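*Asks:* Structure file final-v7.cif, mmCIF, N, CA and C atoms, is pasted below:
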data_my_file
loop_
_atom_site.label_atom_id
_atom_site.label_comp_id
_atom_site.auth_asym_id
_atom_site.auth_seq_id
_atom_site.Cartn_x
_atom_site.Cartn_y
_atom_site.Cartn_z
N MET I 1 0.83 -1.19 0.00
CA MET I 1 0.00 0.00 0.00
C MET I 1 0.86 1.25 0.00
N GLU I 2 1.86 1.24 -0.80
CA GLU I 2 2.75 2.38 -0.79
C GLU I 2 2.09 3.56 -1.52
N ASN I 3 2.42 4.77 -1.09
CA ASN I 3 1.88 6.01 -1.63
C ASN I 3 0.38 6.16 -1.39
N ARG I 4 -0.14 5.50 -0.37
CA ARG I 4 -1.54 5.63 -0.01
C ARG I 4 -1.62 6.02 1.45
N ILE I 5 -2.68 6.74 1.79
CA ILE I 5 -2.88 7.12 3.19
C ILE I 5 -4.31 6.78 3.59
N GLU I 6 -4.48 6.51 4.88
CA GLU I 6 -5.81 6.19 5.41
C GLU I 6 -6.29 7.36 6.25
N ILE I 7 -7.52 7.81 5.94
CA ILE I 7 -8.14 8.88 6.72
C ILE I 7 -9.54 8.40 7.09
N ASN I 8 -9.80 8.33 8.39
CA ASN I 8 -11.10 7.87 8.90
C ASN I 8 -11.52 6.55 8.26
N GLY I 9 -10.60 5.65 8.10
CA GLY I 9 -10.91 4.32 7.58
C GLY I 9 -11.03 4.23 6.07
N VAL I 10 -10.77 5.33 5.35
CA VAL I 10 -10.85 5.33 3.89
C VAL I 10 -9.43 5.52 3.35
N TRP I 11 -9.07 4.69 2.38
CA TRP I 11 -7.73 4.77 1.80
C TRP I 11 -7.74 5.70 0.59
N TYR I 12 -6.73 6.56 0.48
CA TYR I 12 -6.57 7.52 -0.60
C TYR I 12 -5.17 7.40 -1.19
N VAL I 13 -5.04 7.79 -2.48
CA VAL I 13 -3.72 7.86 -3.09
C VAL I 13 -3.18 9.25 -2.79
N ARG I 14 -1.95 9.30 -2.33
CA ARG I 14 -1.35 10.59 -2.02
C ARG I 14 -1.19 11.40 -3.30
N GLU I 15 -1.58 12.66 -3.28
CA GLU I 15 -1.50 13.50 -4.48
C GLU I 15 -0.08 13.63 -4.99
N ASP I 16 0.87 13.70 -4.11
CA ASP I 16 2.25 13.84 -4.57
C ASP I 16 2.76 12.56 -5.22
N ALA I 17 1.99 11.45 -5.11
CA ALA I 17 2.39 10.20 -5.73
C ALA I 17 1.80 10.05 -7.14
N ILE I 18 0.86 10.92 -7.50
CA ILE I 18 0.23 10.83 -8.82
C ILE I 18 1.11 11.54 -9.84
N THR I 19 1.62 10.78 -10.79
CA THR I 19 2.47 11.37 -11.81
C THR I 19 1.64 11.82 -13.02
N ASP I 20 0.61 11.06 -13.35
CA ASP I 20 -0.26 11.42 -14.48
C ASP I 20 -1.70 11.22 -14.02
N PRO I 21 -2.46 12.31 -13.83
CA PRO I 21 -3.81 12.18 -13.28
C PRO I 21 -4.72 11.27 -14.12
N ILE I 22 -4.47 11.16 -15.41
CA ILE I 22 -5.34 10.33 -16.24
C ILE I 22 -5.18 8.85 -15.93
N ASP I 23 -4.05 8.47 -15.34
CA ASP I 23 -3.83 7.08 -14.98
C ASP I 23 -4.84 6.59 -13.95
N HIS I 24 -5.44 7.49 -13.21
CA HIS I 24 -6.36 7.10 -12.14
C HIS I 24 -7.82 7.31 -12.52
N LEU I 25 -8.07 7.64 -13.77
CA LEU I 25 -9.45 7.81 -14.24
C LEU I 25 -9.91 6.53 -14.91
N GLU I 26 -11.18 6.24 -14.77
CA GLU I 26 -11.74 5.10 -15.48
C GLU I 26 -12.01 5.53 -16.92
N ALA I 27 -11.76 4.63 -17.85
CA ALA I 27 -12.03 4.93 -19.25
C ALA I 27 -13.54 5.05 -19.45
N GLU I 28 -13.94 6.00 -20.26
CA GLU I 28 -15.35 6.18 -20.56
C GLU I 28 -15.82 5.07 -21.49
N GLU I 29 -16.98 4.50 -21.18
CA GLU I 29 -17.53 3.47 -22.05
C GLU I 29 -18.04 4.13 -23.32
N MET I 30 -17.69 3.55 -24.46
CA MET I 30 -18.06 4.14 -25.74
C MET I 30 -18.82 3.15 -26.60
N TYR I 31 -19.77 3.65 -27.31
CA TYR I 31 -20.50 2.85 -28.29
C TYR I 31 -20.07 3.35 -29.65
N LEU I 32 -19.22 2.60 -30.30
CA LEU I 32 -18.62 3.01 -31.56
C LEU I 32 -19.43 2.50 -32.74
N THR I 33 -19.38 3.26 -33.81
CA THR I 33 -19.98 2.85 -35.07
C THR I 33 -18.85 2.56 -36.03
N PHE I 34 -18.79 1.33 -36.54
CA PHE I 34 -17.76 0.96 -37.49
C PHE I 34 -18.34 0.97 -38.89
N SER I 35 -17.54 1.41 -39.83
CA SER I 35 -18.02 1.49 -41.21
C SER I 35 -16.89 1.13 -42.16
N GLU I 36 -17.29 0.96 -43.43
CA GLU I 36 -16.35 0.72 -44.52
C GLU I 36 -16.62 1.74 -45.60
N GLU I 37 -15.60 2.07 -46.37
CA GLU I 37 -15.77 2.99 -47.48
C GLU I 37 -15.17 2.40 -48.75
N CYS I 38 -15.72 2.85 -49.85
CA CYS I 38 -15.22 2.51 -51.17
C CYS I 38 -15.31 3.79 -51.99
N SER I 39 -14.25 4.14 -52.70
CA SER I 39 -14.29 5.41 -53.43
C SER I 39 -13.79 5.28 -54.86
N TYR I 40 -14.27 6.20 -55.67
CA TYR I 40 -13.82 6.33 -57.06
C TYR I 40 -13.66 7.82 -57.31
N GLU I 41 -12.49 8.23 -57.80
CA GLU I 41 -12.21 9.65 -57.98
C GLU I 41 -11.59 9.89 -59.35
N THR I 42 -12.06 10.98 -59.98
CA THR I 42 -11.49 11.44 -61.23
C THR I 42 -11.11 12.90 -61.06
N ASP I 43 -10.67 13.53 -62.13
CA ASP I 43 -10.34 14.94 -62.03
C ASP I 43 -11.59 15.81 -61.87
N LYS I 44 -12.77 15.28 -62.21
CA LYS I 44 -14.00 16.05 -62.13
C LYS I 44 -14.87 15.72 -60.92
N TYR I 45 -14.88 14.44 -60.54
CA TYR I 45 -15.82 13.98 -59.52
C TYR I 45 -15.15 13.02 -58.54
N CYS I 46 -15.80 12.89 -57.38
CA CYS I 46 -15.40 11.88 -56.42
C CYS I 46 -16.67 11.27 -55.84
N PHE I 47 -16.73 9.94 -55.85
CA PHE I 47 -17.85 9.20 -55.28
C PHE I 47 -17.29 8.34 -54.15
N VAL I 48 -17.84 8.51 -52.95
CA VAL I 48 -17.39 7.73 -51.79
C VAL I 48 -18.62 7.05 -51.19
N ALA I 49 -18.66 5.73 -51.31
CA ALA I 49 -19.76 4.95 -50.73
C ALA I 49 -19.33 4.47 -49.35
N SER I 50 -20.27 4.45 -48.43
CA SER I 50 -19.98 3.92 -47.10
C SER I 50 -21.14 3.06 -46.63
N ARG I 51 -20.78 2.11 -45.78
CA ARG I 51 -21.80 1.27 -45.17
C ARG I 51 -21.41 1.03 -43.73
N ILE I 52 -22.41 0.83 -42.88
CA ILE I 52 -22.21 0.71 -41.44
C ILE I 52 -22.36 -0.74 -41.01
N ARG I 53 -21.43 -1.17 -40.17
CA ARG I 53 -21.48 -2.54 -39.66
C ARG I 53 -22.53 -2.65 -38.56
N ARG I 54 -23.25 -3.75 -38.58
CA ARG I 54 -24.25 -4.00 -37.53
C ARG I 54 -23.55 -4.20 -36.19
N ASP I 55 -24.21 -3.77 -35.11
CA ASP I 55 -23.67 -3.98 -33.77
C ASP I 55 -23.60 -5.45 -33.45
N GLY I 56 -22.53 -5.85 -32.80
CA GLY I 56 -22.40 -7.21 -32.30
C GLY I 56 -22.31 -8.28 -33.37
N SER I 57 -22.04 -7.89 -34.59
CA SER I 57 -21.95 -8.91 -35.63
C SER I 57 -20.51 -9.14 -36.03
N SER I 58 -20.31 -10.21 -36.71
CA SER I 58 -18.96 -10.50 -37.17
C SER I 58 -18.86 -10.16 -38.65
N GLY I 59 -18.79 -8.89 -38.94
CA GLY I 59 -18.61 -8.44 -40.32
C GLY I 59 -19.88 -8.22 -41.11
N GLU I 60 -21.04 -8.35 -40.49
CA GLU I 60 -22.30 -8.14 -41.21
C GLU I 60 -22.62 -6.65 -41.24
N PHE I 61 -23.09 -6.17 -42.39
CA PHE I 61 -23.38 -4.76 -42.56
C PHE I 61 -24.86 -4.52 -42.81
N TYR I 62 -25.31 -3.32 -42.48
CA TYR I 62 -26.67 -2.93 -42.83
C TYR I 62 -26.77 -2.89 -44.36
N PRO I 63 -27.95 -3.15 -44.91
CA PRO I 63 -28.08 -3.25 -46.36
C PRO I 63 -28.02 -1.91 -47.09
N ASP I 64 -28.28 -0.81 -46.40
CA ASP I 64 -28.28 0.49 -47.07
C ASP I 64 -26.89 1.11 -47.08
N ILE I 65 -26.60 1.82 -48.15
CA ILE I 65 -25.33 2.53 -48.27
C ILE I 65 -25.62 4.02 -48.42
N ALA I 66 -24.60 4.81 -48.25
CA ALA I 66 -24.68 6.25 -48.49
C ALA I 66 -23.51 6.62 -49.40
N ILE I 67 -23.74 7.60 -50.25
CA ILE I 67 -22.68 8.06 -51.14
C ILE I 67 -22.48 9.56 -50.92
N LYS I 68 -21.22 9.92 -50.67
CA LYS I 68 -20.84 11.33 -50.63
C LYS I 68 -20.31 11.65 -52.02
N PHE I 69 -20.95 12.58 -52.67
CA PHE I 69 -20.57 12.98 -54.03
C PHE I 69 -19.92 14.35 -53.98
N THR I 70 -18.78 14.49 -54.63
CA THR I 70 -18.08 15.76 -54.71
C THR I 70 -17.90 16.14 -56.17
N ASP I 71 -18.37 17.33 -56.52
CA ASP I 71 -18.19 17.89 -57.86
C ASP I 71 -16.99 18.82 -57.79
N LYS I 72 -15.90 18.45 -58.45
CA LYS I 72 -14.64 19.20 -58.37
C LYS I 72 -14.40 20.09 -59.59
N ARG I 73 -15.40 20.23 -60.45
CA ARG I 73 -15.18 20.93 -61.71
C ARG I 73 -14.88 22.41 -61.56
N SER I 74 -15.18 23.01 -60.43
CA SER I 74 -14.88 24.43 -60.25
C SER I 74 -13.37 24.67 -60.20
N GLY I 75 -12.61 23.62 -59.89
CA GLY I 75 -11.16 23.73 -59.85
C GLY I 75 -10.62 24.13 -58.50
N ASP I 76 -11.34 24.96 -57.78
CA ASP I 76 -10.87 25.46 -56.48
C ASP I 76 -11.50 24.62 -55.37
N ILE I 77 -10.69 24.00 -54.55
CA ILE I 77 -11.18 23.10 -53.50
C ILE I 77 -12.19 23.79 -52.58
N ASP I 78 -12.07 25.09 -52.41
CA ASP I 78 -12.99 25.82 -51.53
C ASP I 78 -14.39 25.95 -52.13
N THR I 79 -14.53 25.74 -53.42
CA THR I 79 -15.84 25.89 -54.05
C THR I 79 -16.39 24.57 -54.58
N TRP I 80 -15.74 23.47 -54.25
CA TRP I 80 -16.27 22.17 -54.66
C TRP I 80 -17.65 21.98 -54.03
N LYS I 81 -18.54 21.34 -54.76
CA LYS I 81 -19.89 21.08 -54.26
C LYS I 81 -19.96 19.65 -53.74
N GLU I 82 -20.52 19.48 -52.55
CA GLU I 82 -20.68 18.16 -51.98
C GLU I 82 -22.16 17.87 -51.75
N GLU I 83 -22.54 16.64 -52.04
CA GLU I 83 -23.90 16.18 -51.81
C GLU I 83 -23.83 14.81 -51.15
N TYR I 84 -24.87 14.47 -50.41
CA TYR I 84 -24.96 13.17 -49.76
C TYR I 84 -26.21 12.46 -50.27
N TRP I 85 -26.02 11.28 -50.79
CA TRP I 85 -27.11 10.49 -51.33
C TRP I 85 -27.25 9.22 -50.49
N ASP I 86 -28.47 8.88 -50.10
CA ASP I 86 -28.66 7.69 -49.27
C ASP I 86 -29.94 6.94 -49.59
N ASN I 87 -30.30 6.90 -50.86
CA ASN I 87 -31.53 6.23 -51.27
C ASN I 87 -31.18 5.04 -52.16
N ASN I 88 -31.19 3.86 -51.58
CA ASN I 88 -30.84 2.66 -52.35
C ASN I 88 -31.81 2.41 -53.49
N ASN I 89 -33.08 2.74 -53.31
CA ASN I 89 -34.05 2.57 -54.40
C ASN I 89 -33.68 3.46 -55.59
N TRP I 90 -33.21 4.66 -55.30
CA TRP I 90 -32.80 5.58 -56.37
C TRP I 90 -31.57 5.03 -57.09
N PHE I 91 -30.60 4.51 -56.32
CA PHE I 91 -29.41 3.92 -56.92
C PHE I 91 -29.80 2.77 -57.85
N LYS I 92 -30.67 1.89 -57.36
CA LYS I 92 -31.11 0.74 -58.17
C LYS I 92 -31.87 1.22 -59.39
N GLY I 93 -32.68 2.27 -59.22
CA GLY I 93 -33.43 2.82 -60.34
C GLY I 93 -32.52 3.35 -61.43
N ILE I 94 -31.43 3.97 -61.05
CA ILE I 94 -30.46 4.46 -62.04
C ILE I 94 -29.88 3.29 -62.81
N LEU I 95 -29.53 2.23 -62.10
CA LEU I 95 -28.96 1.05 -62.75
C LEU I 95 -29.96 0.36 -63.69
N GLU I 96 -31.23 0.35 -63.30
CA GLU I 96 -32.26 -0.33 -64.08
C GLU I 96 -32.85 0.56 -65.17
N GLY I 97 -32.44 1.83 -65.22
CA GLY I 97 -32.97 2.75 -66.22
C GLY I 97 -34.37 3.24 -65.91
N ASN I 98 -34.74 3.24 -64.64
CA ASN I 98 -36.05 3.72 -64.22
C ASN I 98 -36.20 5.19 -64.62
N PRO I 99 -37.26 5.54 -65.39
CA PRO I 99 -37.42 6.91 -65.87
C PRO I 99 -37.47 7.95 -64.75
N GLU I 100 -38.13 7.62 -63.62
CA GLU I 100 -38.21 8.58 -62.51
C GLU I 100 -36.82 8.81 -61.90
N SER I 101 -36.07 7.74 -61.72
CA SER I 101 -34.72 7.87 -61.15
C SER I 101 -33.81 8.66 -62.07
N ILE I 102 -33.90 8.39 -63.37
CA ILE I 102 -33.06 9.10 -64.35
C ILE I 102 -33.46 10.58 -64.39
N ALA I 103 -34.77 10.86 -64.36
CA ALA I 103 -35.22 12.26 -64.36
C ALA I 103 -34.73 12.97 -63.11
N SER I 104 -34.79 12.30 -61.97
CA SER I 104 -34.30 12.88 -60.72
C SER I 104 -32.80 13.12 -60.79
N LEU I 105 -32.07 12.19 -61.38
CA LEU I 105 -30.62 12.36 -61.55
C LEU I 105 -30.35 13.61 -62.38
N ASP I 106 -31.11 13.81 -63.44
CA ASP I 106 -30.92 14.98 -64.31
C ASP I 106 -31.30 16.28 -63.60
N GLU I 107 -32.37 16.23 -62.79
CA GLU I 107 -32.86 17.43 -62.12
C GLU I 107 -32.03 17.81 -60.90
N GLU I 108 -31.63 16.81 -60.14
CA GLU I 108 -30.99 17.06 -58.85
C GLU I 108 -29.47 17.22 -58.92
N THR I 109 -28.86 16.73 -59.96
CA THR I 109 -27.40 16.82 -60.05
C THR I 109 -27.02 17.58 -61.31
N GLU I 110 -25.80 18.00 -61.35
CA GLU I 110 -25.27 18.69 -62.53
C GLU I 110 -24.21 17.83 -63.20
N LEU I 111 -24.40 16.51 -63.13
CA LEU I 111 -23.44 15.61 -63.73
C LEU I 111 -23.46 15.73 -65.25
N CYS I 112 -22.29 15.77 -65.82
CA CYS I 112 -22.18 15.74 -67.27
C CYS I 112 -22.39 14.29 -67.72
N PRO I 113 -22.57 14.03 -69.02
CA PRO I 113 -22.78 12.64 -69.48
C PRO I 113 -21.68 11.68 -69.01
N GLN I 114 -20.43 12.13 -69.03
CA GLN I 114 -19.34 11.28 -68.55
C GLN I 114 -19.52 10.96 -67.06
N GLY I 115 -19.92 11.96 -66.29
CA GLY I 115 -20.14 11.75 -64.85
C GLY I 115 -21.27 10.77 -64.58
N LYS I 116 -22.32 10.84 -65.41
CA LYS I 116 -23.43 9.88 -65.26
C LYS I 116 -22.96 8.46 -65.54
N ARG I 117 -22.13 8.30 -66.56
CA ARG I 117 -21.58 6.97 -66.86
C ARG I 117 -20.69 6.49 -65.71
N GLN I 118 -19.91 7.41 -65.14
CA GLN I 118 -19.04 7.05 -64.02
C GLN I 118 -19.87 6.64 -62.80
N LEU I 119 -20.94 7.38 -62.53
CA LEU I 119 -21.81 7.02 -61.41
C LEU I 119 -22.41 5.64 -61.64
N LYS I 120 -22.90 5.39 -62.83
CA LYS I 120 -23.49 4.09 -63.14
C LYS I 120 -22.44 2.97 -63.02
N GLY I 121 -21.24 3.22 -63.49
CA GLY I 121 -20.16 2.25 -63.35
C GLY I 121 -19.82 2.00 -61.88
N PHE I 122 -19.80 3.06 -61.09
CA PHE I 122 -19.52 2.95 -59.65
C PHE I 122 -20.61 2.11 -58.98
N LEU I 123 -21.87 2.40 -59.29
CA LEU I 123 -22.97 1.63 -58.72
C LEU I 123 -22.90 0.16 -59.14
N ASN I 124 -22.53 -0.09 -60.40
CA ASN I 124 -22.37 -1.48 -60.85
C ASN I 124 -21.30 -2.21 -60.05
N ARG I 125 -20.20 -1.53 -59.78
CA ARG I 125 -19.13 -2.15 -58.98
C ARG I 125 -19.60 -2.44 -57.56
N LEU I 126 -20.42 -1.54 -57.00
CA LEU I 126 -20.95 -1.77 -55.67
C LEU I 126 -21.86 -2.99 -55.65
N VAL I 127 -22.60 -3.20 -56.72
CA VAL I 127 -23.43 -4.41 -56.86
C VAL I 127 -22.52 -5.63 -56.91
N GLU I 128 -21.47 -5.57 -57.74
CA GLU I 128 -20.54 -6.70 -57.86
C GLU I 128 -19.90 -7.06 -56.54
N GLU I 129 -19.61 -6.06 -55.72
CA GLU I 129 -18.96 -6.27 -54.43
C GLU I 129 -19.95 -6.66 -53.33
N GLY I 130 -21.24 -6.67 -53.66
CA GLY I 130 -22.25 -7.04 -52.67
C GLY I 130 -22.68 -5.91 -51.75
N TRP I 131 -22.30 -4.70 -52.09
CA TRP I 131 -22.67 -3.54 -51.28
C TRP I 131 -24.09 -3.07 -51.58
N LEU I 132 -24.48 -3.19 -52.80
CA LEU I 132 -25.79 -2.71 -53.25
C LEU I 132 -26.54 -3.92 -53.79
N VAL I 133 -27.62 -4.27 -53.12
CA VAL I 133 -28.37 -5.46 -53.53
C VAL I 133 -29.82 -5.12 -53.86
#
Go through the file and emit its structure as structure tokens.

*Replies:*
Amino acid sequence: MENRIEINGVWYVREDAITDPIDHLEAEEMYLTFSEECSYETDKYCFVASRIRRDGSSGEFYPDIAIKFTDKRSGDIDTWKEEYWDNNNWFKGILEGNPESIASLDEETELCPQGKRQLKGFLNRLVEEGWLV
């Protein structure tokens, strides 16, 4: 019981014996969210898909994905446009040529024809990898 003192039957660590106060703190319990990412980047665009691992599972992921889209065509990193997409039905609709999904893609994004092909290719790869089902 070195570097400890007893006062009224309670044992304490002597303050002059504490070298690092954090050593005597309990670690905070944390509930972490684990995820995976997959990205495709060109000089014009960047697509980053992510998926979240289910709690308590051994590598099983939730079925929905999210895509962070960056439009880099302005050239200046400070003016790049970022959007977040998280609708798997919309992604599947783009792949299947659904007219509503394609119309929404045209209305909601400013992708050039090459960018649309790149998005479709990216979505196809996510299907191949089992990310988008």

*Asks:* List the spatial neighbours of region 107-120 of chain I as number ranges by chain - criterion: any atom at most 6.5 Å away, all atoms listed in the file, same-chain residues fewer than 5 positions off excluded.

*Replies:* I: 94-95, 102, 125

*Asks:* Enclose region 93-109 of chain I, meaning all of its atoms listed in the file, in a box aligned along x, y and z, pad it by 6 Å on each side, and list the centre and edge lengths in Å to one decimal, as AutoDock Vina command-line options.

*Replies:*
--center_x -32.6 --center_y 8.7 --center_z -62.5 --size_x 23.2 --size_y 30.1 --size_z 19.4

*Asks:* Compile the contact shell of Ser50 (chain I) as number ranges by chain: residues with an atom at most 8 Å away, counting all atoms listed in the file, same-chain residues fewer than 4 positions apart removed.

*Replies:* I: 35-39, 64-68

*Asks:* Would you mind reading off the distance between atom C of Glu129 (chain I) and atom C of Ala103 (chain I), one decimal, in Å?

*Replies:*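 Distance between the two atoms: 26.4 Å.
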
*Asks:* How many Å separate atom C of Leu32 (chain I) from atom C of Ser58 (chain I)?

*Replies:*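 These atoms are spaced 14.0 Å apart.
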
*Asks:* Which residues come within 6 Å of Ile52 (chain I), counting only C-alpha atoms, excluding same-chain residues fewer than 2 positions away, as a list of chain:residue names?

*Replies:*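 Final neighbour list, sorted by chain and number: I:Phe34, I:Ser35, I:Phe61, I:Tyr62.
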
*Asks:* Please produce an output containing N, CA and C atoms for each residue in the selection, written as a tab-separated table (two decimals), in the coordinates of the input.

*Replies:*
chain	number	residue	atom	x	y	z
I	34	PHE	N	-18.79	1.33	-36.54
I	34	PHE	CA	-17.76	0.96	-37.49
I	34	PHE	C	-18.34	0.97	-38.89
I	35	SER	N	-17.54	1.41	-39.83
I	35	SER	CA	-18.02	1.49	-41.21
I	35	SER	C	-16.89	1.13	-42.16
I	61	PHE	N	-23.09	-6.17	-42.39
I	61	PHE	CA	-23.38	-4.76	-42.56
I	61	PHE	C	-24.86	-4.52	-42.81
I	62	TYR	N	-25.31	-3.32	-42.48
I	62	TYR	CA	-26.67	-2.93	-42.83
I	62	TYR	C	-26.77	-2.89	-44.36

*Asks:* Check the smallest atom-to-atom distance from each of I:Glu29, I:Asn89, I:Glu82, I:Ser104 to Val133 (chain I) using only C-alpha atoms, then report the winner.

*Replies:* I:Asn89

*Asks:* Apply DSSP to the backbone of this structure and, from region 37-124 of chain I, keep only the residues in alpha helix (DSSP H); write these as number ranges by chain.

*Replies:* I: 88-96, 99-108, 113-124

*Asks:* Interatomic distance between atom N of Tyr40 (chain I) and atom N of Phe91 (chain I)?

*Replies:* 16.4 Å

*Asks:* Residues picked by the PyMOL selection byres ((chain I and resi 43) around 8) here, as an mmCIF file with N, CA and C atoms, in the frame of the given file?

*Replies:*
data_model
loop_
_atom_site.group_PDB
_atom_site.id
_atom_site.type_symbol
_atom_site.label_atom_id
_atom_site.label_comp_id
_atom_site.auth_asym_id
_atom_site.auth_seq_id
_atom_site.Cartn_x
_atom_site.Cartn_y
_atom_site.Cartn_z
ATOM 1 N N GLU I 41 -12.490 8.230 -57.800
ATOM 2 C CA GLU I 41 -12.210 9.650 -57.980
ATOM 3 C C GLU I 41 -11.590 9.890 -59.350
ATOM 4 N N THR I 42 -12.060 10.980 -59.980
ATOM 5 C CA THR I 42 -11.490 11.440 -61.230
ATOM 6 C C THR I 42 -11.110 12.900 -61.060
ATOM 7 N N LYS I 44 -12.770 15.280 -62.210
ATOM 8 C CA LYS I 44 -14.000 16.050 -62.130
ATOM 9 C C LYS I 44 -14.870 15.720 -60.920
ATOM 10 N N TYR I 45 -14.880 14.440 -60.540
ATOM 11 C CA TYR I 45 -15.820 13.980 -59.520
ATOM 12 C C TYR I 45 -15.150 13.020 -58.540
ATOM 13 N N CYS I 46 -15.800 12.890 -57.380
ATOM 14 C CA CYS I 46 -15.400 11.880 -56.420
ATOM 15 C C CYS I 46 -16.670 11.270 -55.840
ATOM 16 N N ASP I 71 -18.370 17.330 -56.520
ATOM 17 C CA ASP I 71 -18.190 17.890 -57.860
ATOM 18 C C ASP I 71 -16.990 18.820 -57.790
ATOM 19 N N LYS I 72 -15.900 18.450 -58.450
ATOM 20 C CA LYS I 72 -14.640 19.200 -58.370
ATOM 21 C C LYS I 72 -14.400 20.090 -59.590
ATOM 22 N N ARG I 73 -15.400 20.230 -60.450
ATOM 23 C CA ARG I 73 -15.180 20.930 -61.710
ATOM 24 C C ARG I 73 -14.880 22.410 -61.560
#

*Asks:* Can you list, as a VMD selection string, all residues belonging to chain I that DSSP tags as strand (DSSP E or B)?

*Replies:* chain I and resid 4 to 7 10 to 13 35 to 41 45 to 53 61 66 to 71 81 to 85
